[in-house]
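Below is the file work_32.txt, which contains compact mmCIF, C-alpha atoms and all ligand atoms.
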```txt
# COMPACT_ATOMS: atom_id res chain seq x y z
CA MET A 870 26.62 -14.19 20.27
CA ALA A 871 25.35 -10.70 19.43
CA HIS A 872 25.36 -8.23 22.32
CA LEU A 873 21.77 -7.42 23.30
CA ASP A 874 20.90 -4.43 25.49
CA CYS A 875 17.25 -3.83 24.62
CA GLY A 876 15.33 -4.70 27.81
CA HIS A 877 14.06 -8.19 28.55
CA ILE A 878 11.09 -8.25 26.14
CA ALA A 879 12.98 -6.89 23.15
CA ASN A 880 16.06 -9.01 23.91
CA HIS A 881 13.84 -12.08 23.72
CA TRP A 882 12.40 -11.13 20.32
CA VAL A 883 15.68 -9.89 18.85
CA TRP A 884 17.30 -13.19 19.78
CA HIS A 885 14.49 -15.02 17.96
CA ALA A 886 14.73 -12.65 14.97
CA LEU A 887 18.43 -13.51 14.64
CA SER A 888 17.53 -17.18 14.61
CA CYS A 889 15.74 -16.47 11.27
CA LEU A 890 19.16 -15.92 9.65
CA PRO A 891 20.66 -18.76 7.65
CA ASP A 892 23.19 -20.56 9.91
CA LYS A 893 26.20 -19.56 7.81
CA ILE A 894 25.31 -15.87 7.87
CA ARG A 895 24.54 -15.92 11.57
CA ALA A 896 27.86 -17.59 12.31
CA GLU A 897 29.66 -14.94 10.24
CA LEU A 898 27.90 -11.94 11.76
CA ASP A 899 26.77 -12.80 15.27
CA GLU A 900 29.86 -11.53 17.10
CA LYS A 901 29.87 -8.34 15.02
CA LEU A 902 26.41 -7.14 16.05
CA ALA A 903 25.11 -5.21 19.06
CA PHE A 904 21.49 -4.18 19.62
CA VAL A 905 20.22 -1.32 21.75
CA CYS A 906 16.69 -0.18 22.55
CA MET A 907 15.54 2.36 25.11
CA ALA A 908 12.21 0.63 25.80
CA GLU A 909 13.08 0.02 29.46
CA SER A 910 15.45 2.86 30.31
CA ASP A 911 15.73 6.63 30.03
CA ALA A 912 19.46 6.85 29.38
CA ARG A 913 22.25 4.45 28.65
CA ARG A 914 26.01 4.47 28.18
CA LEU A 915 27.42 2.22 25.49
CA THR A 916 30.79 1.07 26.76
CA PRO A 917 33.79 0.50 24.48
CA GLN A 918 33.53 -3.19 25.41
CA PHE A 919 29.92 -3.27 24.22
CA VAL A 920 30.58 -1.42 20.97
CA GLY A 921 33.94 -3.10 20.31
CA GLY A 922 33.96 -2.52 16.54
CA ARG A 923 30.48 -4.01 16.20
CA HIS A 924 27.64 -2.72 14.05
CA VAL A 925 25.39 -1.14 16.70
CA ILE A 926 21.74 -1.48 15.67
CA VAL A 927 19.34 0.85 17.48
CA LEU A 928 15.69 -0.18 17.70
CA SER A 929 12.88 2.25 18.40
CA GLU A 930 10.83 1.42 21.47
CA ARG A 931 7.82 1.95 19.19
CA ILE A 932 8.45 -1.42 17.57
CA VAL A 933 9.04 -3.46 20.72
CA PRO A 934 6.16 -5.95 21.03
CA LEU A 935 3.98 -6.02 24.10
CA GLU A 936 4.59 -8.70 26.74
CA GLN A 937 1.69 -10.92 25.59
CA SER A 938 2.62 -10.87 21.90
CA ASP A 939 3.38 -14.11 20.08
CA GLU A 940 5.39 -14.98 17.01
CA GLY A 941 2.38 -14.64 14.73
CA SER A 942 1.44 -11.14 15.87
CA PRO A 943 2.01 -8.23 13.46
CA GLU A 944 4.27 -6.34 15.89
CA VAL A 945 6.60 -9.31 16.41
CA ARG A 946 6.77 -9.96 12.66
CA TYR A 947 7.61 -6.30 12.04
CA LEU A 948 10.34 -6.35 14.69
CA TYR A 949 11.82 -9.47 13.06
CA PHE A 950 11.80 -7.76 9.67
CA GLY A 951 13.35 -4.60 11.08
CA VAL A 952 16.15 -6.55 12.78
CA LEU A 953 16.83 -8.56 9.62
CA HIS A 954 16.79 -5.42 7.43
CA GLU A 955 19.46 -3.80 9.63
CA VAL A 956 21.51 -7.01 9.75
CA ALA A 957 21.35 -7.02 5.94
CA HIS A 958 22.94 -3.54 5.88
CA ALA A 959 25.75 -4.91 8.09
CA PHE A 960 26.11 -8.07 6.01
CA ARG A 961 26.44 -6.10 2.75
CA GLN A 962 28.64 -3.50 4.49
CA HIS A 963 26.44 -0.72 3.17
CA ARG A 964 27.78 2.81 3.34
CA PRO A 965 26.24 5.60 5.45
CA PRO A 966 23.53 7.55 3.55
CA SER A 967 25.54 10.76 4.11
CA GLU A 968 28.40 9.39 1.97
CA ILE A 969 26.37 8.32 -1.07
CA SER A 970 23.79 9.69 -3.48
CA GLN A 971 20.08 9.39 -2.85
CA GLU A 972 19.86 6.90 -5.70
CA GLU A 973 22.64 4.73 -4.22
CA ASN A 974 20.92 4.91 -0.84
CA GLU A 975 17.62 3.78 -2.33
CA HIS A 976 19.46 0.88 -3.94
CA GLN A 977 20.96 -0.10 -0.56
CA GLU A 978 17.55 0.11 1.11
CA ALA A 979 15.98 -2.07 -1.59
CA GLU A 980 18.79 -4.59 -1.23
CA ALA A 981 18.37 -4.70 2.57
CA ASP A 982 14.61 -5.24 2.13
CA GLU A 983 15.21 -8.05 -0.39
CA LEU A 984 17.59 -9.88 1.94
CA ALA A 985 15.31 -9.38 4.96
CA PHE A 986 12.36 -10.84 3.02
CA GLU A 987 14.51 -13.75 1.82
CA TRP A 988 15.81 -14.59 5.31
CA PHE A 989 12.52 -14.07 7.12
CA ASN A 990 10.38 -15.96 4.62
CA GLY A 991 13.00 -18.72 4.35
CA SER A 992 12.77 -19.28 8.09
CA LEU A 993 8.95 -19.11 8.03
CA GLN A 994 8.87 -21.67 5.23
CA ALA A 995 11.17 -23.97 7.21
CA LYS A 996 8.80 -23.78 10.21
CA ALA A 997 5.92 -24.95 7.95
CA ASN A 998 3.35 -23.55 10.40
CA PRO A 999 0.05 -22.53 8.75
CA MET A 1000 -0.35 -19.88 11.45
CA LEU A 1001 2.84 -18.19 10.20
CA PRO A 1002 2.24 -17.12 6.57
CA PRO A 1003 4.95 -15.43 4.46
CA PHE A 1004 5.73 -11.80 5.32
CA THR A 1005 4.62 -9.59 2.42
CA ARG A 1006 5.33 -6.06 1.22
CA LYS A 1007 1.70 -5.23 1.98
CA GLU A 1008 2.13 -6.39 5.61
CA LEU A 1009 5.36 -4.38 5.82
CA ALA A 1010 3.66 -1.18 4.61
CA LYS A 1011 0.81 -1.63 7.09
CA ALA A 1012 3.19 -2.35 9.99
CA LYS A 1013 5.29 0.74 9.19
CA ALA A 1014 2.19 2.93 9.15
CA THR A 1015 0.94 1.43 12.42
CA ALA A 1016 4.31 1.86 14.14
CA MET A 1017 4.48 5.53 13.13
CA THR A 1018 1.24 6.24 14.97
CA ARG A 1019 1.96 4.04 17.97
CA ALA A 1020 2.59 5.78 21.26
CA VAL A 1021 5.42 4.35 23.30
CA PRO A 1022 3.70 2.19 25.93
CA PRO A 1023 4.58 2.72 29.59
CA ARG A 1024 7.09 0.17 30.88
CA PRO A 1025 9.00 -0.47 34.08
CA GLN A 1026 12.01 1.81 34.08
CA ALA A 1027 15.55 1.42 35.20
CA ILE A 1028 18.45 3.72 34.48
ZN ZN A 1101 17.64 0.46 5.81
```
Using the file provided, produce a representation of the structure as structure tokens.
Ligand SMILES: [Zn+2]
Amino acid sequence: MAHLDCGHIANHWVWHALSCLPDKIRAELDEKLAFVCMAESDARRLTPQFVGGRHVIVLSERIVPLEQSDEGSPEVRYLYFGVLHEVAHAFRQHRPPSEISQEENEHQEAEADELAFEWFNGSLQAKANPMLPPFTRKELAKAKATAMTRAVPPRPQAI
């Protein structure tokens, strides 16, 4: 199972986001992923055991849904997409932007988006819930814009 160190709310949603992955891909990647978010702490040490050669995915506290959010809410859907986009980078073993051209980086980003849409919408389709429509590029653009303006909400803190 992926290592999750994101605070209890984000851990819950990240776990559910990972369940959107096709079984084969999840089985291949799960042990190679670690997630960190500072939503519930001011500082954190990532131990060698935690990192352990994994892809460490860092989530902004701006995109952690509020406690009362549900799976149909825009913030949860955006978190799912963000998690799946980063997992797609790991899955395709994309190179760091600093090592490639801007054009190659844009190609990697487009590929990660494509895979995230495929995985997310595949899992939404399988749920066949009319309250959970497909995730669109329009919804993504709106969620990104909203997240950029969102203040980090106050949360219980523990160092
Ligand atoms: Zn990306």
Exercise. Quick one: everything within 10 Å of Phe1004 (chain A), counting only C-alpha atoms, minus sequence neighbours fewer than 6 positions away in the same chain. Send it as an MDAnalysis selection string.
Key: chainID A and resid 943 946:947 950 985:987 989:990 993
Would you mind listing, for every residue of chain A within 9 Å of ligand ZN 1101 (chain A), the two atoms forming the shortest contact and the distance between them in Å to one decimal, using all atoms listed in the file, sorted by chain and ascending residue number, as CSV?
```
residue,atom,partner,partner_atom,distance
A:Gly951,CA,A:ZN1101,ZN,8.5
A:His954,CA,A:ZN1101,ZN,6.2
A:Glu955,CA,A:ZN1101,ZN,6.0
A:Ala957,CA,A:ZN1101,ZN,8.4
A:His958,CA,A:ZN1101,ZN,6.6
A:Asn974,CA,A:ZN1101,ZN,8.6
A:Glu975,CA,A:ZN1101,ZN,8.8
A:Gln977,CA,A:ZN1101,ZN,7.2
A:Glu978,CA,A:ZN1101,ZN,4.7
A:Ala979,CA,A:ZN1101,ZN,8.0
A:Glu980,CA,A:ZN1101,ZN,8.7
A:Ala981,CA,A:ZN1101,ZN,6.1
A:Asp982,CA,A:ZN1101,ZN,7.4
```
Quiz prompt | Nearest to Glu897 (chain A) by atom-to-atom distance, counting only C-alpha atoms, from A:Val956, A:Glu983, A:Tyr949, A:Thr916 | solution =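 Closest residue, counting only C-alpha atoms: A:Val956.
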Quiz item: What separation in Å, quoted to one decimal, exists between CA of Phe960 (chain A) and CA of Pro1003 (chain A)?
Solution: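 Computing the Euclidean distance for CA of Phe960 (chain A) and CA of Pro1003 (chain A) yields 22.5 Å.
Excluding Leu902 (chain A) itself and any same-chain residue fewer than 3 positions from it, the protein and nucleic acid residues within 10 Å of it, counting all atoms listed in the file, are A:Met870, A:Ala871, A:His872, A:Leu873, A:Leu898, A:Asp899, A:Phe919, A:Val920, A:Gly921, A:Gly922, A:Arg923, A:His924, A:Val925, A:Ile926, A:Val956, A:Ala959.
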Give as a compact mmCIF listing (two decimals) with C-alpha atoms, keeping the file's coordinate frame each residue that has an atom at most 10 Å from (20.2, -20.5, 5.4) in the file, counting all atoms listed in the file.
```txt
# COMPACT_ATOMS: atom_id res chain seq x y z
CA CYS A 889 15.74 -16.47 11.27
CA LEU A 890 19.16 -15.92 9.65
CA PRO A 891 20.66 -18.76 7.65
CA ASP A 892 23.19 -20.56 9.91
CA LYS A 893 26.20 -19.56 7.81
CA ILE A 894 25.31 -15.87 7.87
CA ARG A 895 24.54 -15.92 11.57
CA GLU A 987 14.51 -13.75 1.82
CA TRP A 988 15.81 -14.59 5.31
CA GLY A 991 13.00 -18.72 4.35
CA SER A 992 12.77 -19.28 8.09
CA ALA A 995 11.17 -23.97 7.21
```
Quiz item: CA of Glu900 (chain A) and CA of Ser938 (chain A), how far apart in Å?
Solution: 27.7 Å
Quiz item: Got a sec: who's within 9 Å of Glu944 (chain A), counting only C-alpha atoms, leaving out chain neighbours fewer than 3 positions off, as a list in words?
Solution: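 So, after excluding close chain neighbours, the residues are Ile932, Val933, Pro934, Leu935, Ser938, Asp939, Glu940, Gly941, Tyr947, Leu948, Tyr949, Ala1012 and Ala1016 of chain A.
Distance-wise, CA of Thr1015 (chain A) and CA of Ser942 (chain A) end up 13.0 Å apart.
Considering the residues A:Leu1009, A:Gln962, A:Leu984, A:Leu915 and counting all atoms listed in the file, Lys901 (chain A) has its shortest atom-to-atom contact with A:Gln962.
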Exercise. Select, from A:Glu1008, A:Arg964, A:Glu973, A:Phe904, the residue with the minimum atom-to-atom distance to Asn880 (chain A), counting all atoms listed in the file.
Key: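 That would be A:Phe904, the residue with the smallest distance to Asn880 (chain A).
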Around all of region 929-948 of chain A's listed atoms, make the axis-aligned box with 8 Å on each side and tell me centre and edge lengths in Å to one decimal, as lines of an AutoDock Vina configuration file.
```
center_x = 7.2
center_y = -6.4
center_z = 19.4
size_x = 27.4
size_y = 33.2
size_z = 30.7
```
Quiz prompt | Nearest candidate to Lys1013 (chain A) (options A:Arg931, A:Arg914, A:Cys906, A:Leu953; using all atoms listed in the file) | solution = A:Arg931
Exercise. Considering only C-alpha atoms, state which residue in the set A:Gln918, A:His963, A:Gln937, A:His881 is at the smallest distance from His976 (chain A).
Key: A:His963
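Minimum atom-to-atom distances from A:Val945, A:Ser967, A:Ser910, A:Lys1007 to Trp884 (chain A) were compared using all atoms listed in the file, and the lowest value belongs to A:Val945.
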